[in-house]
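Chemist: Provided herewith: structure_29.txt, compact mmCIF, C-alpha atoms.
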# COMPACT_ATOMS: atom_id res chain seq x y z
CA MET A 1 92.59 319.28 204.80
CA LYS A 2 90.93 318.08 201.66
CA LYS A 3 94.24 316.55 200.56
CA ILE A 4 94.59 314.75 203.86
CA VAL A 5 91.12 313.19 203.57
CA ILE A 6 91.83 312.05 200.00
CA GLY A 7 95.14 310.50 201.10
CA VAL A 8 93.55 308.65 203.96
CA SER A 9 90.85 307.33 201.62
CA VAL A 10 93.45 306.08 199.16
CA LEU A 11 95.38 304.28 201.90
CA ALA A 12 92.20 302.67 203.13
CA LEU A 13 91.30 301.43 199.69
CA MET A 14 94.81 300.06 199.19
CA ALA A 15 94.66 298.27 202.52
CA ALA A 16 91.30 296.75 201.65
CA GLY A 17 92.63 295.58 198.29
CA ILE A 18 95.67 293.98 199.88
CA GLY A 19 93.43 292.20 202.43
CA TYR A 20 91.15 290.93 199.66
CA TRP A 21 94.11 289.63 197.66
CA SER A 22 95.56 287.93 200.73
CA LEU A 23 92.30 286.16 201.48
CA ASN A 24 91.90 284.93 197.90
CA GLN A 25 95.52 283.61 197.77
CA GLY A 26 95.08 281.84 201.11
CA SER A 27 98.39 283.25 202.27
CA SER A 28 97.35 284.04 205.82
CA PRO A 29 100.34 282.64 207.74
CA ILE A 30 98.46 281.80 210.95
CA PRO A 31 94.82 280.89 210.55
CA THR A 32 92.63 282.11 213.35
CA ALA A 33 89.90 280.21 215.07
CA SER A 34 87.37 282.25 213.22
CA THR A 35 88.89 281.47 209.88
CA GLN A 36 89.02 277.74 210.77
CA GLU A 37 85.45 277.61 211.97
CA ALA A 38 83.96 279.88 209.35
CA PRO A 39 86.20 280.38 206.33
CA ALA A 40 85.66 283.32 204.09
CA ALA A 41 83.49 283.06 201.07
CA GLY A 42 86.49 283.10 198.77
CA ASP A 43 88.13 280.40 200.84
CA ASN A 44 85.00 278.29 200.70
CA HIS A 45 84.98 278.58 196.94
CA GLU A 46 88.61 277.56 196.59
CA HIS A 47 88.36 274.67 199.02
CA GLY A 48 85.02 273.72 197.55
CA GLU A 49 86.79 272.85 194.32
CA GLU A 50 89.45 270.92 196.20
CA ASP A 51 86.80 269.18 198.28
CA GLU A 52 84.90 268.28 195.15
CA HIS A 53 88.02 266.85 193.59
CA ALA A 54 88.85 265.03 196.80
CA HIS A 55 85.29 263.81 196.97
CA GLU A 56 85.56 262.42 193.44
CA GLU A 57 88.84 260.71 194.29
CA GLY A 58 87.42 259.62 197.61
CA GLY A 59 84.34 258.36 195.80
CA ALA A 60 86.50 256.27 193.58
CA ASN A 61 88.50 255.11 196.55
CA ASP A 62 85.24 254.56 198.40
CA SER A 63 83.96 252.51 195.52
CA HIS A 64 87.16 250.50 195.40
CA GLY A 65 87.18 250.25 199.15
CA SER A 66 83.60 249.10 199.12
CA ALA A 67 84.39 246.47 196.55
CA GLY A 68 87.44 245.46 198.53
CA GLU A 69 85.37 245.40 201.64
CA ASP A 70 82.82 243.25 199.88
CA ALA A 71 85.54 240.97 198.61
CA HIS A 72 87.72 240.94 201.69
CA GLY A 73 85.49 242.39 204.36
CA HIS A 74 81.96 241.36 205.08
CA GLY A 75 81.44 240.05 201.58
CA ASP A 76 84.64 237.98 201.87
CA GLU A 77 83.50 236.61 205.17
CA HIS A 78 80.30 235.50 203.56
CA GLY A 79 82.15 234.10 200.56
CA HIS A 80 84.63 232.33 202.84
CA GLU A 81 81.83 230.83 204.82
CA ASP A 82 80.32 229.53 201.56
CA ALA A 83 83.66 228.15 200.42
CA HIS A 84 84.34 226.57 203.78
CA GLY A 85 80.91 225.05 203.82
CA HIS A 86 81.47 223.60 200.34
CA GLU A 87 84.85 222.29 201.27
CA ASP A 88 83.20 220.49 204.12
CA GLU A 89 80.92 219.05 201.48
CA GLU A 90 83.63 218.57 198.85
CA GLY A 91 84.99 215.37 200.34
CA ALA A 92 81.53 214.07 201.22
CA ILE A 93 79.69 211.63 198.96
CA HIS A 94 76.02 211.43 199.85
CA LEU A 95 74.62 207.94 199.24
CA THR A 96 71.76 206.09 200.82
CA GLU A 97 72.02 202.54 202.07
CA ALA A 98 69.98 201.39 199.08
CA GLN A 99 72.26 203.17 196.61
CA ILE A 100 75.33 201.63 198.24
CA GLY A 101 73.74 198.20 197.99
CA ARG A 102 72.80 198.65 194.32
CA SER A 103 76.34 199.82 193.51
CA ASN A 104 77.74 196.70 195.18
CA ILE A 105 80.19 198.79 197.20
CA LYS A 106 81.81 196.54 199.80
CA VAL A 107 82.79 197.97 203.18
CA VAL A 108 85.45 196.47 205.47
CA GLU A 109 87.07 197.61 208.69
CA ALA A 110 90.66 198.79 208.72
CA GLY A 111 92.67 196.74 211.16
CA PRO A 112 95.75 194.61 211.85
CA SER A 113 96.87 192.32 209.06
CA GLU A 114 99.95 190.76 207.56
CA VAL A 115 101.40 192.54 204.54
CA SER A 116 103.57 190.22 202.49
CA THR A 117 106.52 191.19 200.38
CA GLU A 118 106.22 190.19 196.74
CA VAL A 119 108.38 189.35 193.76
CA GLN A 120 106.96 191.06 190.68
CA VAL A 121 107.11 188.93 187.52
CA MET A 122 105.83 188.75 183.96
CA GLY A 123 104.78 185.48 182.39
CA THR A 124 102.91 183.51 179.74
CA ILE A 125 99.97 181.12 180.01
CA VAL A 126 100.75 177.67 178.59
CA PRO A 127 98.86 174.36 178.66
CA ASP A 128 99.46 172.04 181.58
CA ALA A 129 102.03 169.60 180.15
CA ASP A 130 100.54 166.81 182.28
CA ARG A 131 97.15 167.38 180.66
CA MET A 132 97.96 167.50 176.96
CA ALA A 133 98.81 165.00 174.22
CA HIS A 134 100.30 165.23 170.73
CA VAL A 135 98.64 162.76 168.35
CA THR A 136 100.70 161.28 165.52
CA THR A 137 99.71 158.86 162.74
CA ARG A 138 102.30 156.16 163.67
CA VAL A 139 102.23 154.83 160.10
CA PRO A 140 102.30 156.68 156.79
CA GLY A 141 99.01 156.98 154.98
CA VAL A 142 96.49 159.15 153.20
CA VAL A 143 93.94 161.08 155.28
CA ALA A 144 90.55 159.64 154.34
CA GLU A 145 88.36 161.46 156.91
CA VAL A 146 88.74 164.22 159.49
CA LEU A 147 86.05 163.87 162.16
CA LYS A 148 87.06 166.53 164.70
CA ARG A 149 87.59 170.21 164.13
CA LEU A 150 89.79 172.73 165.89
CA GLY A 151 88.31 173.61 169.28
CA ASP A 152 86.08 170.53 169.56
CA GLN A 153 85.69 168.90 172.94
CA VAL A 154 86.61 165.21 172.78
CA ALA A 155 86.60 162.24 175.14
CA ALA A 156 89.30 159.64 175.49
CA GLY A 157 88.96 157.10 172.65
CA ASP A 158 87.03 159.37 170.27
CA VAL A 159 88.05 158.96 166.63
CA LEU A 160 89.77 162.11 165.40
CA ALA A 161 90.58 161.05 161.84
CA VAL A 162 90.72 158.00 159.56
CA LEU A 163 93.76 157.12 157.44
CA ASP A 164 94.11 154.77 154.48
CA SER A 165 97.44 153.03 155.10
CA ARG A 166 99.08 150.30 153.06
CA ASP A 167 101.54 149.62 155.86
CA LEU A 168 98.63 148.99 158.23
CA ALA A 169 97.06 146.58 155.76
CA GLU A 170 100.33 144.63 155.59
CA ALA A 171 100.59 144.56 159.37
CA LYS A 172 97.06 143.24 159.68
CA ALA A 173 97.77 140.58 157.04
CA ASP A 174 100.90 139.49 158.92
CA TYR A 175 98.85 139.22 162.09
CA LEU A 176 96.16 137.13 160.46
CA ALA A 177 98.80 134.84 158.93
CA ALA A 178 100.51 134.47 162.29
CA LEU A 179 97.17 133.76 163.91
CA ARG A 180 96.45 130.90 161.46
CA GLN A 181 99.99 129.56 161.74
CA GLU A 182 99.75 129.48 165.51
CA ALA A 183 96.41 127.68 165.34
CA LEU A 184 97.86 125.06 162.96
CA ALA A 185 100.95 124.55 165.08
CA SER A 186 98.85 124.17 168.22
CA THR A 187 96.69 121.52 166.52
CA THR A 188 99.78 119.60 165.34
CA LEU A 189 101.30 119.70 168.81
CA LYS A 190 98.10 118.41 170.38
CA ARG A 191 97.99 115.47 167.93
CA GLU A 192 101.63 114.58 168.58
CA GLU A 193 100.97 114.65 172.33
CA ASP A 194 98.13 112.11 171.86
CA LEU A 195 100.29 109.83 169.71
CA ARG A 196 103.13 110.04 172.19
CA ARG A 197 100.87 108.92 175.05
CA LYS A 198 99.78 105.97 172.89
CA LYS A 199 103.44 105.32 172.08
CA VAL A 200 102.66 105.48 168.38
CA SER A 201 104.70 108.52 167.37
CA ALA A 202 108.41 108.96 167.74
CA GLU A 203 109.78 111.28 170.43
CA GLN A 204 111.45 113.43 167.79
CA ASP A 205 108.16 114.16 166.05
CA TYR A 206 106.74 115.42 169.33
CA LEU A 207 109.74 117.67 169.92
CA ASP A 208 109.51 119.13 166.42
CA ALA A 209 105.80 119.87 166.83
CA SER A 210 106.43 121.52 170.19
CA THR A 211 109.14 123.76 168.72
CA ALA A 212 106.94 124.77 165.79
CA ALA A 213 104.06 125.65 168.14
CA GLU A 214 106.30 127.82 170.32
CA THR A 215 107.70 129.59 167.26
CA SER A 216 104.23 130.33 165.91
CA ARG A 217 103.13 131.73 169.26
CA ILE A 218 106.10 134.07 169.28
CA ALA A 219 105.32 135.25 165.76
CA LEU A 220 101.68 135.88 166.71
CA ASP A 221 102.69 137.91 169.76
CA VAL A 222 104.98 140.05 167.62
CA ALA A 223 102.24 140.70 165.05
CA ARG A 224 99.74 141.51 167.76
CA GLN A 225 102.13 143.90 169.46
CA ARG A 226 102.84 145.67 166.20
CA LEU A 227 99.13 146.35 165.64
CA ALA A 228 98.71 147.54 169.21
CA THR A 229 101.57 149.94 168.64
CA LEU A 230 99.77 151.25 165.57
CA GLY A 231 96.75 152.06 167.73
CA LEU A 232 94.47 149.04 167.43
CA THR A 233 92.60 148.12 170.59
CA ASP A 234 92.07 144.59 171.96
CA ALA A 235 88.49 144.69 170.74
CA GLU A 236 89.63 145.59 167.23
CA LEU A 237 92.18 142.76 167.27
CA GLU A 238 89.47 140.30 168.32
CA ALA A 239 87.25 141.50 165.48
CA LEU A 240 90.03 141.53 162.88
CA PRO A 241 89.51 137.97 161.54
CA LYS A 242 85.94 138.92 160.62
CA GLN A 243 86.83 142.31 159.16
CA ASP A 244 85.97 143.17 155.56
CA PRO A 245 89.19 142.81 153.52
CA ARG A 246 88.48 146.20 151.92
CA ALA A 247 88.79 147.83 155.36
CA MET A 248 92.18 146.31 156.12
CA SER A 249 93.96 149.58 155.34
CA ARG A 250 91.63 151.68 157.51
CA LEU A 251 93.38 153.24 160.53
CA GLU A 252 91.35 155.15 163.09
CA VAL A 253 93.34 157.84 164.91
CA ARG A 254 91.86 158.21 168.40
CA ALA A 255 92.12 160.79 171.18
CA PRO A 256 94.35 159.48 173.96
CA MET A 257 92.65 161.68 176.59
CA SER A 258 89.70 163.99 177.16
CA GLY A 259 90.08 167.67 176.36
CA ARG A 260 89.85 170.16 173.52
CA VAL A 261 91.45 169.98 170.10
CA THR A 262 93.95 172.84 170.25
CA GLU A 263 95.83 172.00 167.03
CA ARG A 264 94.84 170.22 163.84
CA ASN A 265 97.20 169.55 160.93
CA ALA A 266 95.21 166.96 158.98
CA VAL A 267 93.63 167.71 155.60
CA ARG A 268 91.59 165.20 153.65
CA GLY A 269 93.60 163.60 150.84
CA GLU A 270 96.94 164.58 152.34
CA LEU A 271 99.74 162.02 152.46
CA VAL A 272 101.18 162.10 155.96
CA SER A 273 104.34 160.50 157.30
CA ALA A 274 104.56 158.29 160.35
CA GLU A 275 106.17 160.95 162.55
CA LYS A 276 103.80 163.80 161.68
CA GLU A 277 101.73 165.32 164.50
CA ILE A 278 98.22 165.83 163.18
CA PHE A 279 96.32 166.74 166.37
CA THR A 280 96.98 168.20 169.81
CA VAL A 281 94.47 167.56 172.57
CA ALA A 282 94.69 169.53 175.82
CA ASP A 283 92.68 169.59 179.02
CA LEU A 284 92.62 173.33 179.81
CA SER A 285 90.74 173.07 183.11
CA THR A 286 94.18 173.64 184.61
CA VAL A 287 96.91 175.72 182.97
CA TRP A 288 100.49 176.63 183.75
CA VAL A 289 102.10 180.04 183.97
CA ASN A 290 105.74 180.29 182.89
CA LEU A 291 107.31 182.99 185.09
CA PRO A 292 110.98 183.86 184.51
CA VAL A 293 112.45 185.09 187.83
CA TYR A 294 115.75 186.99 187.95
CA ALA A 295 118.65 185.51 189.86
CA SER A 296 118.49 188.24 192.53
CA ASP A 297 114.87 187.31 193.36
CA ILE A 298 115.01 183.52 193.02
CA PRO A 299 116.12 182.95 196.67
CA GLN A 300 112.75 184.39 197.76
CA VAL A 301 110.74 181.96 195.62
CA ARG A 302 109.86 178.47 196.79
CA GLU A 303 107.48 175.76 195.65
CA GLY A 304 104.05 176.04 197.27
CA GLN A 305 104.03 179.85 197.45
CA VAL A 306 100.93 181.72 196.29
CA VAL A 307 101.15 183.71 193.07
CA THR A 308 98.56 186.32 192.08
CA VAL A 309 98.16 186.65 188.32
CA LYS A 310 96.56 189.52 186.37
CA GLY A 311 95.49 188.96 182.77
CA PRO A 312 95.27 191.26 179.75
CA ALA A 313 91.58 191.94 180.37
CA GLY A 314 92.15 192.81 184.03
CA GLN A 315 91.03 189.43 185.36
CA THR A 316 92.89 188.12 188.39
CA ALA A 317 93.36 184.71 189.98
CA GLN A 318 95.62 182.93 192.43
CA GLY A 319 97.75 179.88 191.76
CA LYS A 320 100.65 178.02 193.36
CA VAL A 321 104.28 177.69 192.42
CA ILE A 322 104.92 174.04 191.44
CA PHE A 323 108.44 174.31 190.05
CA THR A 324 111.50 176.51 190.51
CA GLY A 325 114.30 176.03 188.01
CA PRO A 326 117.66 174.90 189.40
CA THR A 327 119.59 176.72 186.66
CA ILE A 328 119.83 180.30 185.37
CA ASP A 329 119.46 181.05 181.67
CA PRO A 330 122.70 182.84 180.71
CA GLN A 331 120.93 184.88 178.04
CA THR A 332 118.13 186.24 180.24
CA GLY A 333 119.71 185.96 183.69
CA ALA A 334 116.49 184.37 184.97
CA ALA A 335 115.37 180.98 186.23
CA ARG A 336 112.21 179.28 185.04
CA VAL A 337 109.39 179.24 187.60
CA VAL A 338 106.10 177.48 186.86
CA ALA A 339 102.81 178.10 188.64
CA SER A 340 99.65 176.03 188.33
CA LEU A 341 96.36 177.89 187.83
CA GLU A 342 92.83 176.52 187.97
CA ASN A 343 90.89 177.35 184.80
CA PRO A 344 87.45 175.68 184.96
CA ASP A 345 85.66 178.31 182.86
CA GLY A 346 88.43 178.82 180.29
CA THR A 347 89.23 182.39 181.37
CA TRP A 348 92.96 181.87 180.90
CA ARG A 349 94.03 181.09 177.35
CA PRO A 350 97.41 179.63 176.41
CA GLY A 351 99.53 182.35 174.84
CA ASP A 352 98.17 185.18 177.02
CA PHE A 353 100.78 187.47 178.55
CA VAL A 354 100.19 188.14 182.25
CA SER A 355 101.74 189.99 185.15
CA GLY A 356 102.16 188.31 188.48
CA ALA A 357 103.26 188.74 192.07
CA ILE A 358 104.73 185.88 194.09
CA ALA A 359 104.08 186.27 197.82
CA SER A 360 107.32 185.58 199.65
CA GLY A 361 106.32 186.06 203.30
CA GLY A 362 105.24 189.13 205.25
CA GLU A 363 105.20 191.13 208.47
CA PRO A 364 102.26 192.33 210.61
CA ALA A 365 100.83 195.85 210.16
CA ASP A 366 98.79 197.71 212.80
CA VAL A 367 96.38 199.20 210.28
CA ALA A 368 95.82 197.68 206.85
CA VAL A 369 93.13 197.71 204.18
CA PRO A 370 92.57 195.75 200.98
CA ALA A 371 94.60 197.18 198.09
CA SER A 372 91.32 197.65 196.20
CA ALA A 373 90.32 200.32 198.76
CA LEU A 374 93.02 202.71 197.52
CA GLN A 375 92.35 205.29 194.83
CA THR A 376 94.35 208.26 193.53
CA LEU A 377 92.50 211.58 193.57
CA ASN A 378 94.13 214.90 192.66
CA GLY A 379 97.55 213.32 192.95
CA GLU A 380 96.91 211.96 196.47
CA ILE A 381 96.17 208.44 197.67
CA VAL A 382 92.74 208.33 199.31
CA VAL A 383 90.27 205.91 200.82
CA PHE A 384 86.53 206.37 201.25
CA VAL A 385 85.37 206.13 204.86
CA ARG A 386 81.76 205.18 205.56
CA ASN A 387 79.70 207.67 207.56
CA GLU A 388 76.02 208.34 208.27
CA GLU A 389 75.48 210.26 205.03
CA GLY A 390 77.47 207.97 202.75
CA PHE A 391 81.24 208.27 202.46
CA GLU A 392 83.92 210.86 203.08
CA THR A 393 87.22 211.11 201.23
CA ARG A 394 90.24 210.54 203.48
CA VAL A 395 93.84 211.19 202.37
CA VAL A 396 96.14 208.44 203.65
CA GLU A 397 99.82 207.58 203.68
CA VAL A 398 100.66 204.06 202.52
CA GLY A 399 103.53 201.99 203.86
CA ARG A 400 104.22 198.45 202.70
CA ARG A 401 101.96 197.24 199.96
CA SER A 402 101.20 194.01 198.15
CA SER A 403 98.78 193.16 195.38
CA SER A 404 96.10 192.31 197.96
CA THR A 405 96.85 194.36 201.10
CA ALA A 406 98.21 197.84 201.92
CA GLU A 407 99.56 199.15 205.22
CA ILE A 408 98.19 202.56 206.28
CA VAL A 409 100.69 204.54 208.36
CA PHE A 410 98.63 207.76 208.55
CA GLY A 411 95.01 208.73 207.97
CA LEU A 412 93.08 205.76 209.41
CA PHE A 413 92.45 204.17 212.77
CA PRO A 414 91.68 200.52 213.51
CA GLY A 415 87.98 199.89 213.06
CA ASP A 416 87.38 202.67 210.52
CA PRO A 417 84.92 201.33 207.92
CA VAL A 418 86.29 201.83 204.39
CA ALA A 419 84.99 200.96 200.94
CA SER A 420 86.93 198.09 199.35
CA GLY A 421 84.86 197.14 196.31
CA ASN A 422 83.80 199.21 193.31
CA THR A 423 85.67 202.19 194.75
CA PHE A 424 86.09 203.61 191.26
CA LEU A 425 82.43 204.64 191.47
CA LEU A 426 83.17 206.68 194.58
CA LYS A 427 86.25 208.17 192.92
CA ALA A 428 84.14 209.28 189.96
CA GLU A 429 81.61 210.87 192.29
CA ALA A 430 84.34 212.62 194.29
CA SER A 431 85.98 213.91 191.09
CA ARG A 432 82.66 215.27 189.89
CA GLY A 433 82.10 217.06 193.22
CA ALA A 434 85.61 218.57 193.08
CA ALA A 435 84.97 219.82 189.54
CA GLU A 436 81.70 221.46 190.58
CA HIS A 437 83.45 223.04 193.56
CA SER A 438 86.18 224.47 191.30
CA HIS A 439 83.59 225.76 188.83
CA SER A 440 81.63 227.52 191.59
CA HIS A 441 84.75 229.52 192.46
Let me see the file written as structure tokens.

Modeler:
Amino acid sequence: MKKIVIGVSVLALMAAGIGYWSLNQGSSPIPTASTQEAPAAGDNHEHGEEDEHAHEEGGANDSHGSAGEDAHGHGDEHGHEDAHGHEDEEGAIHLTEAQIGRSNIKVVEAGPSEVSTEVQVMGTIVPDADRMAHVTTRVPGVVAEVLKRLGDQVAAGDVLAVLDSRDLAEAKADYLAALRQEALASTTLKREEDLRRKKVSAEQDYLDASTAAETSRIALDVARQRLATLGLTDAELEALPKQDPRAMSRLEVRAPMSGRVTERNAVRGELVSAEKEIFTVADLSTVWVNLPVYASDIPQVREGQVVTVKGPAGQTAQGKVIFTGPTIDPQTGAARVVASLENPDGTWRPGDFVSGAIASGGEPADVAVPASALQTLNGEIVVFVRNEEGFETRVVEVGRRSSSTAEIVFGLFPGDPVASGNTFLLKAEASRGAAEHSHSH
């Protein structure tokens, strides 16, 4: 009996040990409701470690998820609202009416207009050939005085320089001799006419006196004409008989027209020849523009067309075509075209290289703006539309375009008020706003 009790006790202990081991290994094949609702202490310990590890991982995930939620969830919504609000403001340029006025920003309405096609050319400013004169000495001589300097403004008849010329002195002497000879011959003829009427003198004597008088008059006319060719005026010829003999060689070189001295090649003491050009006088209130036009474009160019010229300093002006060459230069393949340009303030200087556009007719456009209204911002063509707060940037698509007008095929409606003057100020302001917007992100 004692052995039986001991055996039963051993079996019980073994069973208890097996149950304890099974619980600790979690190898119960079918968990009961009780074990699910209230796990054993050993199970709690084991799963506690797992839960703690999961909690740490979950915490990390939670943290990441929270950050993601902030970035892409609620926080992103807030950030997106801010960005969207700034984008609404990004294209806006806040200016008061007074600021717009001080900046001299012109505003025009987009609307129908004619957009002309243009022939693009390059050219050179030259003096107007009808308003310039090359001054030569006409006779050889030594430069005694130079009275006008390069760049001086002169009037027609002003003395530019004085020459000492032996040839002029001889011409003046011949004139004075012819003048005296003509006077003597005229007196002789008058006496012979009186004697003839009184029938005292022979007919032959009268005929000889008449021939001599006519010959002397011819010689005087030749001498007078020679001096006029050398530049002496009628007043100077009248005063010549009373002139100081020491001034007989003095030749005054005068300006043939009003203008500016653009060239001077006279130096005091220099011996100059008769054909030498010592001054150039030009009236630069009007200038010409030489514009070579290629043969393929010349059929579009006609006299009277408007040409817009842009200078090296950015200045612009409009002139008119006054000449189209009838021949093509075989070396350049271009014909010579000349435009006349008003130049009252001397803005255009002979020798300046310019670019130009010759308007050769156009077609109507439904919506057009001045070319000055267009700006390039972030690689896109934009205009600045006037609104209550200032201006807003509007991306547009441009169709036909000339130097003065651009057709808008998308982005504007007729009547939209757009800035057309000093738009570079608005571009600078819009660029600054875009940079601040990029920096805020």

Chemist: List the spatial neighbours of range 418-427 of chain A as a list in words - criterion: any atom at most 6 Å away, only C-alpha atoms, same-chain residues fewer than 5 positions off excluded.

Modeler: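 Residues near the query, excluding close chain neighbours: Ile105, Lys106, Val107, Val108, Ser372, Ala373, Phe384, Val385 and Arg386 of chain A.
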
Chemist: Okay, now the selection with C-alpha atoms, as a PDB file, keeping the file's coordinate frame?

Modeler:
ATOM      1  CA  ILE A 105      80.190 198.790 197.200  1.00  0.00           C
ATOM      2  CA  LYS A 106      81.810 196.540 199.800  1.00  0.00           C
ATOM      3  CA  VAL A 107      82.790 197.970 203.180  1.00  0.00           C
ATOM      4  CA  VAL A 108      85.450 196.470 205.470  1.00  0.00           C
ATOM      5  CA  SER A 372      91.320 197.650 196.200  1.00  0.00           C
ATOM      6  CA  ALA A 373      90.320 200.320 198.760  1.00  0.00           C
ATOM      7  CA  PHE A 384      86.530 206.370 201.250  1.00  0.00           C
ATOM      8  CA  VAL A 385      85.370 206.130 204.860  1.00  0.00           C
ATOM      9  CA  ARG A 386      81.760 205.180 205.560  1.00  0.00           C
TER      10      ARG A 386
END

Chemist: Quick one: distance from CA of Ile218 in chain A to CA of Gly157 in chain A in Å, one decimal?

Modeler: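 A separation of 28.9 Å between them.
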
Chemist: Need to verify the contact set: Glu363 in chain A, 8 Å, only C-alpha atoms, exclusion of same-chain residues closer than 4 positions in sequence. Can you return it as an MDAnalysis selection string?

Modeler: chainID A and resid 114:116

Chemist: Find, counting only C-alpha atoms, the residue in A:Glu170, A:Glu214, A:Glu277, A:Glu270 that gets nearest to Arg138 in chain A.

Modeler: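 Among the listed residues, the smallest separation from Arg138 in chain A belongs to A:Glu277.
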
Chemist: To one decimal place in Å, what is the distance between CA of Arg217 in chain A and CA of Ala247 in chain A?

Modeler: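 Atom-to-atom, CA of Arg217 in chain A and CA of Ala247 in chain A are spaced 25.7 Å apart.
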
Chemist: As an exercise, work out the distance from CA of Tyr175 in chain A to CA of Gly141 in chain A in Å and give it to one decimal place.

Modeler: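 Distance reported for this atom pair: 19.1 Å.
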
Chemist: Restricting the calculation to all atoms listed in the file: of A:Leu271, A:Leu150, A:Val139, A:Ile298, which residue gets closest to Arg226 in chain A?

Modeler: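 Smallest separation from Arg226 in chain A among the options: A:Val139.
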
Chemist: Contacts of Leu220 in chain A at 8 Å or less, counting only C-alpha atoms, minus same-chain residues fewer than 6 places along, as a short mmCIF file (atom, residue, chain, number, x, y, z; two decimals) with C-alpha atoms, keeping the file's coordinate frame?

Modeler:
data_model
loop_
_atom_site.label_atom_id
_atom_site.label_comp_id
_atom_site.auth_asym_id
_atom_site.auth_seq_id
_atom_site.Cartn_x
_atom_site.Cartn_y
_atom_site.Cartn_z
CA TYR A 175 98.85 139.22 162.09
CA ALA A 178 100.51 134.47 162.29
CA LEU A 179 97.17 133.76 163.91
CA GLU A 182 99.75 129.48 165.51
#

Chemist: Identify which of the residues A:Glu238, A:Glu145, A:Glu203, A:Glu397 lies closest to Leu251 in chain A, counting all atoms listed in the file when measuring atom-to-atom distances.

Modeler: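 Looking at the shortest contact to Leu251 in chain A, the residue is A:Glu145.
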
Chemist: Residues at most 12 Å from Arg131 in chain A, counting all atoms listed in the file, excluding those fewer than 2 positions away in the same chain, as a PyMOL selection string?

Modeler: chain A and resi 126-129+133-134+256-260+280-288+340
